>>> print(open('target_17.cif').read())   # mmCIF, C-alpha atoms and all ligand atoms
data_input
loop_
_atom_site.label_atom_id
_atom_site.label_comp_id
_atom_site.auth_asym_id
_atom_site.auth_seq_id
_atom_site.Cartn_x
_atom_site.Cartn_y
_atom_site.Cartn_z
CA MET L 1 118.17 220.92 165.78
CA GLN L 2 114.72 221.54 167.20
CA THR L 3 114.21 220.41 170.76
CA HIS L 4 111.07 219.59 172.72
CA LYS L 5 110.15 218.99 176.32
CA LEU L 6 109.86 215.27 177.04
CA GLY L 7 106.45 215.41 178.71
CA ASN L 8 106.76 216.54 182.31
CA THR L 9 110.10 214.86 182.89
CA GLY L 10 111.94 218.17 182.86
CA LEU L 11 114.18 216.83 180.09
CA GLU L 12 114.65 218.73 176.86
CA VAL L 13 115.26 216.35 173.96
CA SER L 14 116.23 216.75 170.33
CA ARG L 15 113.36 215.92 168.01
CA LEU L 16 115.64 213.43 166.29
CA GLY L 17 117.35 210.85 168.49
CA LEU L 18 119.56 207.83 167.83
CA GLY L 19 118.30 204.28 168.25
CA GLY L 20 120.67 201.53 169.37
CA ILE L 21 119.91 198.60 167.05
CA PRO L 22 122.68 199.30 164.50
CA PHE L 23 125.41 199.68 167.10
CA GLN L 24 125.41 195.94 167.77
CA TYR L 25 126.52 195.37 164.16
CA ILE L 26 129.18 198.07 163.72
CA SER L 27 132.49 198.72 165.48
CA GLN L 28 133.13 200.92 168.47
CA MET L 29 135.05 203.33 166.25
CA GLU L 30 132.14 203.65 163.84
CA THR L 31 129.74 204.08 166.76
CA ASN L 32 131.93 206.82 168.23
CA GLN L 33 131.97 208.70 164.92
CA ILE L 34 128.19 208.55 164.62
CA ILE L 35 127.57 209.59 168.22
CA GLN L 36 130.17 212.37 168.13
CA THR L 37 128.74 213.82 164.92
CA ALA L 38 125.18 213.49 166.18
CA HIS L 39 126.11 215.25 169.39
CA GLU L 40 127.88 218.09 167.58
CA ARG L 41 124.81 218.60 165.40
CA GLY L 42 122.48 218.87 168.40
CA MET L 43 121.17 215.34 168.99
CA ASN L 44 121.01 214.48 172.67
CA LEU L 45 118.73 211.44 172.92
CA PHE L 46 120.39 208.01 172.70
CA TYR L 47 118.10 205.10 173.18
CA THR L 48 118.61 201.36 173.09
CA SER L 49 117.59 198.11 174.77
CA ARG L 50 119.19 195.28 176.72
CA MET L 51 118.09 193.14 173.79
CA TYR L 52 120.49 194.83 171.39
CA ARG L 53 123.56 193.00 172.62
CA ASP L 54 126.56 195.30 173.21
CA SER L 55 124.81 198.50 172.11
CA GLU L 56 124.67 199.87 175.67
CA ASN L 57 128.43 199.39 176.08
CA LYS L 58 129.13 201.12 172.78
CA ILE L 59 126.81 204.04 173.49
CA GLY L 60 128.28 204.39 176.98
CA LEU L 61 131.80 204.66 175.57
CA GLY L 62 130.60 206.95 172.78
CA VAL L 63 129.08 209.52 175.16
CA LYS L 64 131.68 209.14 177.91
CA SER L 65 133.14 212.65 177.59
CA PHE L 66 129.73 214.36 177.53
CA ARG L 67 127.52 211.97 179.52
CA ASP L 68 125.74 214.66 181.51
CA GLY L 69 124.82 216.55 178.35
CA VAL L 70 122.77 213.70 176.89
CA VAL L 71 119.65 211.73 177.68
CA LEU L 72 120.34 208.01 177.93
CA GLY L 73 117.50 205.57 177.57
CA THR L 74 117.30 201.80 177.50
CA SER L 75 114.83 199.05 178.26
CA THR L 76 114.32 195.55 179.53
CA HIS L 77 112.20 192.88 177.95
CA LYS L 78 112.20 190.89 181.20
CA ARG L 79 108.83 190.38 182.84
CA LYS L 80 109.76 189.43 186.42
CA LYS L 81 111.01 191.81 189.10
CA ILE L 82 114.14 189.83 189.88
CA ASP L 83 115.15 189.67 186.21
CA GLY L 84 114.26 193.32 185.60
CA ARG L 85 116.45 194.38 188.50
CA LYS L 86 119.39 192.41 187.14
CA ASP L 87 118.90 194.05 183.74
CA ILE L 88 118.92 197.53 185.24
CA GLU L 89 122.11 196.81 187.17
CA GLN L 90 123.67 195.41 184.00
CA SER L 91 122.62 198.46 181.98
CA LEU L 92 124.25 200.78 184.51
CA ARG L 93 127.48 198.79 184.22
CA ASN L 94 127.28 198.66 180.43
CA PHE L 95 126.73 202.40 180.04
CA GLY L 96 129.34 203.11 182.72
CA THR L 97 127.01 205.59 184.39
CA ASP L 98 125.51 206.18 187.85
CA TYR L 99 122.05 206.86 186.50
CA ILE L 100 119.91 206.24 183.44
CA ASP L 101 117.55 208.99 182.34
CA VAL L 102 114.75 206.78 181.02
CA TYR L 103 114.37 203.05 181.65
CA SER L 104 111.50 201.32 179.88
CA LEU L 105 109.62 198.07 179.82
CA HIS L 106 110.38 196.90 176.33
CA ASN L 107 107.85 195.79 173.76
CA VAL L 108 104.84 195.08 175.97
CA LEU L 109 102.91 193.24 173.33
CA THR L 110 99.62 192.31 174.91
CA LEU L 111 97.38 193.10 177.83
CA GLY L 112 98.33 189.71 179.29
CA VAL L 113 102.02 190.62 179.25
CA LEU L 114 101.22 194.02 180.71
CA ARG L 115 99.29 192.49 183.59
CA GLU L 116 102.13 190.07 184.28
CA ILE L 117 104.63 192.93 184.42
CA MET L 118 102.43 195.05 186.66
CA SER L 119 101.50 192.27 189.07
CA PRO L 120 103.31 191.75 192.41
CA GLY L 121 106.75 190.37 191.57
CA GLY L 122 106.53 191.85 188.06
CA ALA L 123 109.24 193.88 186.35
CA TYR L 124 107.55 197.22 186.97
CA GLN L 125 108.39 196.91 190.68
CA ALA L 126 112.09 196.69 189.82
CA LEU L 127 111.89 199.90 187.82
CA GLU L 128 109.97 201.65 190.57
CA GLU L 129 112.46 200.64 193.26
CA MET L 130 115.44 201.66 191.16
CA ARG L 131 113.77 204.99 190.40
CA ASN L 132 113.21 205.58 194.11
CA ALA L 133 116.86 204.71 194.72
CA GLY L 134 117.99 207.27 192.12
CA TYR L 135 119.45 204.88 189.56
CA ILE L 136 116.67 205.60 187.10
CA ARG L 137 115.28 209.07 186.57
CA HIS L 138 112.14 208.18 184.62
CA VAL L 139 110.15 205.06 183.79
CA GLY L 140 108.87 204.30 180.31
CA ILE L 141 106.98 201.66 178.37
CA SER L 142 107.20 200.64 174.74
CA ALA L 143 104.22 198.98 173.09
CA HIS L 144 102.59 198.57 169.70
CA GLN L 145 98.89 198.42 170.58
CA PRO L 146 97.04 201.56 171.77
CA GLU L 147 94.90 199.58 174.21
CA THR L 148 98.03 198.25 175.92
CA VAL L 149 99.42 201.74 176.34
CA LEU L 150 96.16 203.18 177.61
CA GLU L 151 95.67 200.42 180.16
CA ALA L 152 99.29 200.83 181.27
CA LEU L 153 98.73 204.52 181.87
CA GLU L 154 95.69 203.74 184.01
CA MET L 155 97.65 201.19 186.05
CA ALA L 156 100.81 203.09 186.92
CA ALA L 157 102.87 206.19 186.64
CA PHE L 158 104.81 206.07 183.40
CA ASP L 159 106.78 209.14 182.39
CA VAL L 160 107.45 208.19 178.77
CA VAL L 161 105.74 206.09 176.10
CA GLU L 162 107.51 204.72 173.03
CA PHE L 163 105.17 203.83 170.21
CA PRO L 164 105.48 203.28 166.42
CA LEU L 165 104.67 206.29 164.29
CA ASN L 166 105.37 206.42 160.58
CA PHE L 167 103.57 206.99 157.29
CA ILE L 168 102.20 203.43 157.47
CA ASP L 169 101.49 203.20 161.22
CA ARG L 170 99.41 206.38 161.46
CA GLU L 171 97.33 205.15 164.39
CA ALA L 172 99.30 207.10 167.00
CA ALA L 173 98.99 210.31 165.06
CA ALA L 174 95.22 209.78 164.91
CA GLY L 175 94.65 210.27 168.63
CA LEU L 176 96.97 208.35 170.91
CA LEU L 177 99.76 210.89 170.65
CA ALA L 178 97.54 213.81 171.66
CA ASP L 179 96.01 211.78 174.50
CA ILE L 180 99.41 210.88 175.91
CA GLN L 181 100.83 214.36 175.55
CA SER L 182 97.76 215.88 177.23
CA ARG L 183 98.58 213.74 180.31
CA GLY L 184 102.05 215.28 180.49
CA ILE L 185 103.69 212.03 179.43
CA GLY L 186 106.60 212.10 177.04
CA PHE L 187 106.08 210.52 173.62
CA VAL L 188 109.07 209.07 171.80
CA SER L 189 108.08 207.69 168.44
CA ILE L 190 109.79 204.58 167.12
CA LYS L 191 110.05 202.86 163.72
CA PRO L 192 110.06 206.14 161.73
CA MET L 193 111.62 204.33 158.75
CA VAL L 194 108.92 201.63 158.68
CA PHE L 195 111.24 198.73 159.54
CA GLY L 196 113.57 199.89 156.77
CA TYR L 197 110.79 199.72 154.16
CA ALA L 198 110.72 203.51 153.69
CA ALA L 199 112.41 204.27 150.38
CA THR L 200 113.85 207.63 151.49
CA ALA L 201 114.40 209.42 154.77
CA SER L 202 112.95 212.69 153.54
CA VAL L 203 109.25 211.83 153.43
CA ALA L 204 109.47 209.37 156.31
CA LEU L 205 111.01 211.86 158.73
CA ARG L 206 109.01 214.87 157.58
CA TYR L 207 105.85 212.82 158.13
CA VAL L 208 106.93 212.02 161.71
CA PHE L 209 108.00 215.60 162.43
CA SER L 210 104.63 216.87 161.19
CA ALA L 211 102.89 214.66 163.77
CA ALA L 212 105.11 216.31 166.45
CA PRO L 213 106.08 213.61 168.93
CA ASP L 214 108.54 214.86 171.55
CA SER L 215 111.28 212.95 169.77
CA THR L 216 111.72 210.16 167.28
CA ILE L 217 114.57 207.68 167.38
CA VAL L 218 116.11 206.33 164.24
CA GLY L 219 118.93 203.83 163.85
CA THR L 220 121.84 204.72 161.59
CA TYR L 221 124.53 202.36 160.41
CA ASN L 222 126.97 204.95 159.05
CA LEU L 223 127.69 208.65 158.75
CA ASP L 224 126.01 208.93 155.34
CA GLU L 225 122.68 207.83 156.81
CA LEU L 226 123.13 210.10 159.79
CA ASN L 227 123.93 213.11 157.60
CA GLU L 228 120.92 212.38 155.39
CA ASN L 229 118.63 212.30 158.44
CA LEU L 230 120.15 215.45 159.89
CA ALA L 231 119.75 217.27 156.58
CA VAL L 232 116.05 216.42 156.54
CA GLU L 233 115.68 217.68 160.11
CA GLU L 234 117.53 220.90 159.36
CA ALA L 235 115.59 221.59 156.15
CA GLY L 236 112.24 220.94 157.85
CA GLY L 237 109.14 221.52 155.75
CA GLU L 238 105.70 220.01 155.51
CA VAL L 239 104.92 216.69 153.91
CA THR L 240 102.06 216.48 151.43
CA GLY L 241 99.43 213.77 151.02
CA ASP L 242 100.79 213.05 147.53
CA GLU L 243 104.26 212.52 148.92
CA ILE L 244 102.92 210.04 151.47
CA MET L 245 101.01 208.09 148.83
CA GLU L 246 104.11 207.99 146.63
CA ALA L 247 106.21 206.81 149.59
CA ILE L 248 103.75 203.98 150.25
CA ALA L 249 103.80 202.99 146.58
CA ALA L 250 107.62 203.11 146.48
CA SER L 251 107.80 200.93 149.57
CA GLU L 252 105.40 198.47 147.97
CA ARG L 253 107.61 198.26 144.91
CA GLY L 254 110.39 197.17 147.22
CA CYS L 255 109.78 194.41 149.70
CA TYR L 256 106.82 196.00 151.37
CA LYS L 257 104.38 193.41 149.98
CA VAL L 258 105.08 191.22 152.97
CA PHE L 259 104.79 193.92 155.61
CA CYS L 260 101.95 193.17 158.01
CA ARG L 261 99.99 196.28 159.02
CA ARG L 262 98.53 194.54 162.09
CA CYS L 263 94.97 195.21 160.96
CA GLU L 264 93.78 191.94 162.60
CA ASN L 265 91.53 190.90 159.71
CA CYS L 266 93.22 187.50 159.85
CA VAL L 267 91.95 186.67 163.33
CA VAL L 268 89.58 184.37 161.43
CA CYS L 269 92.20 181.61 161.69
CA PRO L 270 90.18 178.55 162.79
CA GLN L 271 93.24 177.23 164.61
CA GLY L 272 93.57 180.39 166.67
CA ILE L 273 97.09 181.13 165.43
CA ASP L 274 98.21 184.67 166.22
CA ILE L 275 99.26 185.40 162.65
CA LYS L 276 100.20 189.02 163.02
CA GLN L 277 102.41 188.15 165.97
CA VAL L 278 104.24 185.47 164.01
CA LEU L 279 104.80 187.88 161.13
CA ARG L 280 106.01 190.49 163.53
CA LEU L 281 108.48 188.14 165.19
CA TYR L 282 109.73 187.18 161.77
CA GLU L 283 110.28 190.86 160.89
CA TYR L 284 112.40 191.26 164.01
CA PHE L 285 114.26 188.07 163.21
CA ASP L 286 114.80 188.82 159.56
CA ARG L 287 115.25 192.59 159.45
CA TYR L 288 116.54 193.50 162.92
CA HIS L 289 118.48 190.33 163.58
CA SER L 290 116.93 189.95 167.01
CA TRP L 291 117.44 186.24 166.63
CA ASP L 292 117.34 184.92 170.16
CA TRP L 293 114.49 187.13 171.28
CA ALA L 294 112.38 186.23 168.24
CA ARG L 295 113.08 182.52 168.65
CA ASP L 296 112.19 182.59 172.33
CA ALA L 297 108.98 184.52 171.71
CA TYR L 298 108.09 182.18 168.87
CA ALA L 299 108.67 179.12 171.05
CA ALA L 300 106.21 180.53 173.60
CA LEU L 301 103.36 180.93 171.09
CA ASN L 302 100.30 178.87 171.81
CA PRO L 303 98.98 177.52 169.52
CA SER L 304 102.14 177.21 167.49
CA LEU L 305 102.35 177.18 163.70
CA GLU L 306 102.31 173.40 163.83
CA ALA L 307 98.54 173.74 164.21
CA CYS L 308 98.21 175.37 160.75
CA ASP L 309 96.35 173.12 158.30
CA ASN L 310 96.97 175.41 155.32
CA CYS L 311 93.29 176.26 154.91
CA GLY L 312 94.04 179.69 153.43
CA ALA L 313 91.31 181.58 155.32
CA CYS L 314 93.83 184.17 156.51
CA GLU L 315 95.00 185.05 153.01
CA ARG L 316 91.45 185.50 151.81
CA GLU L 317 90.86 188.10 154.54
CA CYS L 318 94.09 190.05 154.32
CA PRO L 319 93.27 193.38 152.66
CA TYR L 320 96.94 193.86 151.71
CA HIS L 321 97.18 190.54 149.85
CA ILE L 322 100.14 189.41 151.90
CA PRO L 323 101.17 185.86 150.97
CA ILE L 324 100.59 184.84 154.56
CA LYS L 325 100.98 181.08 154.16
CA ARG L 326 104.34 181.49 152.45
CA GLN L 327 105.51 183.94 155.10
CA LEU L 328 104.37 181.70 157.93
CA GLU L 329 106.24 178.79 156.43
CA ARG L 330 109.39 180.90 156.16
CA ALA L 331 108.95 181.96 159.77
CA ARG L 332 108.41 178.39 160.89
CA VAL L 333 111.52 177.13 159.12
CA ASP L 334 113.78 179.97 160.25
CA LEU L 335 112.55 180.29 163.80
CA MET L 336 112.26 176.58 164.53
CA ALA L 337 114.78 174.79 162.31
CA ARG L 338 117.73 176.85 163.50
CA ARG L 339 116.62 176.35 167.08
CA SER L 340 116.61 172.60 166.48
CA ALA L 341 120.03 172.82 164.89
CA ARG L 342 121.34 174.70 167.88
CA ARG L 343 119.93 172.08 170.22
CA LEU L 344 121.67 169.37 168.21
CA VAL L 345 124.98 171.19 168.40
CA ARG L 346 124.58 171.73 172.13
CA LYS L 347 123.70 168.08 172.63
CA LYS L 348 126.73 167.00 170.66
CA LEU L 349 129.12 169.35 172.44
CA LEU L 350 127.76 169.25 175.96
CA GLY L 351 125.74 166.09 176.01
CA LYS L 352 122.57 167.93 177.04
S1 LIG L 401 96.25 178.87 156.61
FE1 LIG L 401 96.94 178.33 158.68
S2 LIG L 401 97.29 180.31 159.65
FE2 LIG L 401 96.00 180.71 157.84
S3 LIG L 401 93.90 180.62 158.64
FE3 LIG L 401 94.39 178.57 157.89
S4 LIG L 401 95.15 177.48 159.72
FE4 LIG L 401 95.20 179.69 160.19
S1 LIG L 402 95.17 190.58 157.67
FE1 LIG L 402 97.17 190.89 156.70
S2 LIG L 402 97.86 192.93 157.34
FE2 LIG L 402 96.13 192.37 158.65
S3 LIG L 402 97.10 191.51 160.49
FE3 LIG L 402 96.68 189.79 159.11
S4 LIG L 402 98.52 189.53 157.86
FE4 LIG L 402 98.65 191.52 158.86
#
>>> encode(input="target_17.cif", output="structure tokens")
Amino acid sequence: MQTHKLGNTGLEVSRLGLGGIPFQYISQMETNQIIQTAHERGMNLFYTSRMYRDSENKIGLGVKSFRDGVVLGTSTHKRKKIDGRKDIEQSLRNFGTDYIDVYSLHNVLTLGVLREIMSPGGAYQALEEMRNAGYIRHVGISAHQPETVLEALEMAAFDVVEFPLNFIDREAAAGLLADIQSRGIGFVSIKPMVFGYAATASVALRYVFSAAPDSTIVGTYNLDELNENLAVEEAGGEVTGDEIMEAIAASERGCYKVFCRRCENCVVCPQGIDIKQVLRLYEYFDRYHSWDWARDAYAALNPSLEACDNCGACERECPYHIPIKRQLERARVDLMARRSARRLVRKKLLGK
């Protein structure tokens, strides 16, 4: 397993790490097997989020006998200091550890969210205080827009950035990665398997390795997937342009036709609906099962999808011919109807 320095943190990390999303859906025994095998084969970066339910607990138990030999990372999606602090304390308890190597602000979507987090009383202060107290070794940020990352780096001292990098999202490889690494900040790439749309691990991972982030984290649901990923890492090798084009085509033949590339051509919406954000939330809801988070974020959208008058302007502008109206309707039904159903159940059971 190749290892790299994680920026100037002083940590040495495996170029392939494990992401925590799958652990919320598999048993502790299955998690232990994956973590044990990964550790034996040289992986030392285990990264998750408070959002991913009991994944911190499972990782904590999985690494218990070799805690000091691994790099533990997690993140909070809370925006206020008081809530961020509670999340950090909960993460420490969940992992069963005295310190967490990297603690990040999770999924900082927009400049507005970033400014809220960085303002007095914002979540960044909680991370800073806990770092000064020794409970956190390094502070990170995960985001999906380069401008958010770059402004964050101007505003505060982040040690690590997590950003999507895959054969579809090539933006980071085109400049952001080099910029961040030149500042001595660690770069952990996320979404190497393109939200599960990548047809095979081989091209997807070789593409990411060729871009050379410090590490990339990938979620694995079983030992077969883990062994496949490890075999790609061990074999190494360059990826060709033809292989990338074929991988894109193969993904399109699957369910990739609905995958929003966040190009922003659809900002023409006369109602001001943030279409790419809705599609993104729906991806998290549908593919990552981040139900509560997606519902909450959807409920906060302004304007909401109720403002859509079906004019079709967005579809005419989308260069990838995504059936946007159909996808928005699916998102609206799934993200709102189930919320309404839940409210009804709560009202019936609790009378509120
Ligand atoms: S169809 Fe709806 S979402 Fe699309 S541009 Fe028209 S109002 Fe906006
Ligand atoms: S135009 Fe299409 S690909 Fe681009 S952001 Fe809108 S929905 Fe996504």
>>> residues_around(input="target_17.cif", residues="Val160 (chain L)", least_positions_apart="6", cutoff="12 Å", atoms="only C-alpha atoms", output="MDAnalysis selection string")
chainID L and resid 5:11 73:75 101:106 137:143 149 152:153 177 180:181 183:189 213:215
>>> residues_near_ligand(input="target_17.cif", ligand="ligand LIG 401 (chain L)", cutoff="10 Å", atoms="all atoms listed in the file", output="PyMOL selection string")
chain L and resi 266-276+278+304-317+324-326+328-329
>>> axis_aligned_box(input="target_17.cif", around="ligand LIG 402 (chain L)", padding_each_side="3 Å", output="AutoDock Vina command-line options")
--center_x 96.9 --center_y 191.2 --center_z 158.6 --size_x 9.5 --size_y 9.4 --size_z 9.8
>>> residues_near_ligand(input="target_17.cif", ligand="ligand LIG 402 (chain L)", cutoff="6 Å", atoms="only C-alpha atoms and all ligand atoms", output="PyMOL selection string")
chain L and resi 260-266+276+317-318+320+322
>>> residues_around(input="target_17.cif", residues="Asn44 (chain L)", least_positions_apart="6", cutoff="8 Å", atoms="only C-alpha atoms", output="PyMOL selection string")
chain L and resi 13-14+17+38+69-71
>>> atom_distance(input="target_17.cif", atom1="CA of Met336 (chain L)", atom2="CA of Ala299 (chain L)")
7.9 Å
>>> atom_distance(input="target_17.cif", atom1="CA of Met193 (chain L)", atom2="CA of Ile248 (chain L)")
11.6 Å
>>> residues_near_point(input="target_17.cif", point="(104.1, 211.3, 153.0)", cutoff="7 Å", atoms="only C-alpha atoms", output="NGL selection string")
:L and (167 or 203-204 or 207 or 239-245 or 247)
>>> residues_near_point(input="target_17.cif", point="(97.3, 201.4, 161.1)", cutoff="12 Å", atoms="only C-alpha atoms", output="MDAnalysis selection string")
chainID L and resid 144:146 164:175 194 259:264
>>> closest_residue(input="target_17.cif", among="L:Ala126, L:Gly96, L:Lys64, L:Asn107", to="Ala294 (chain L)", atoms="all atoms listed in the file")
L:Asn107
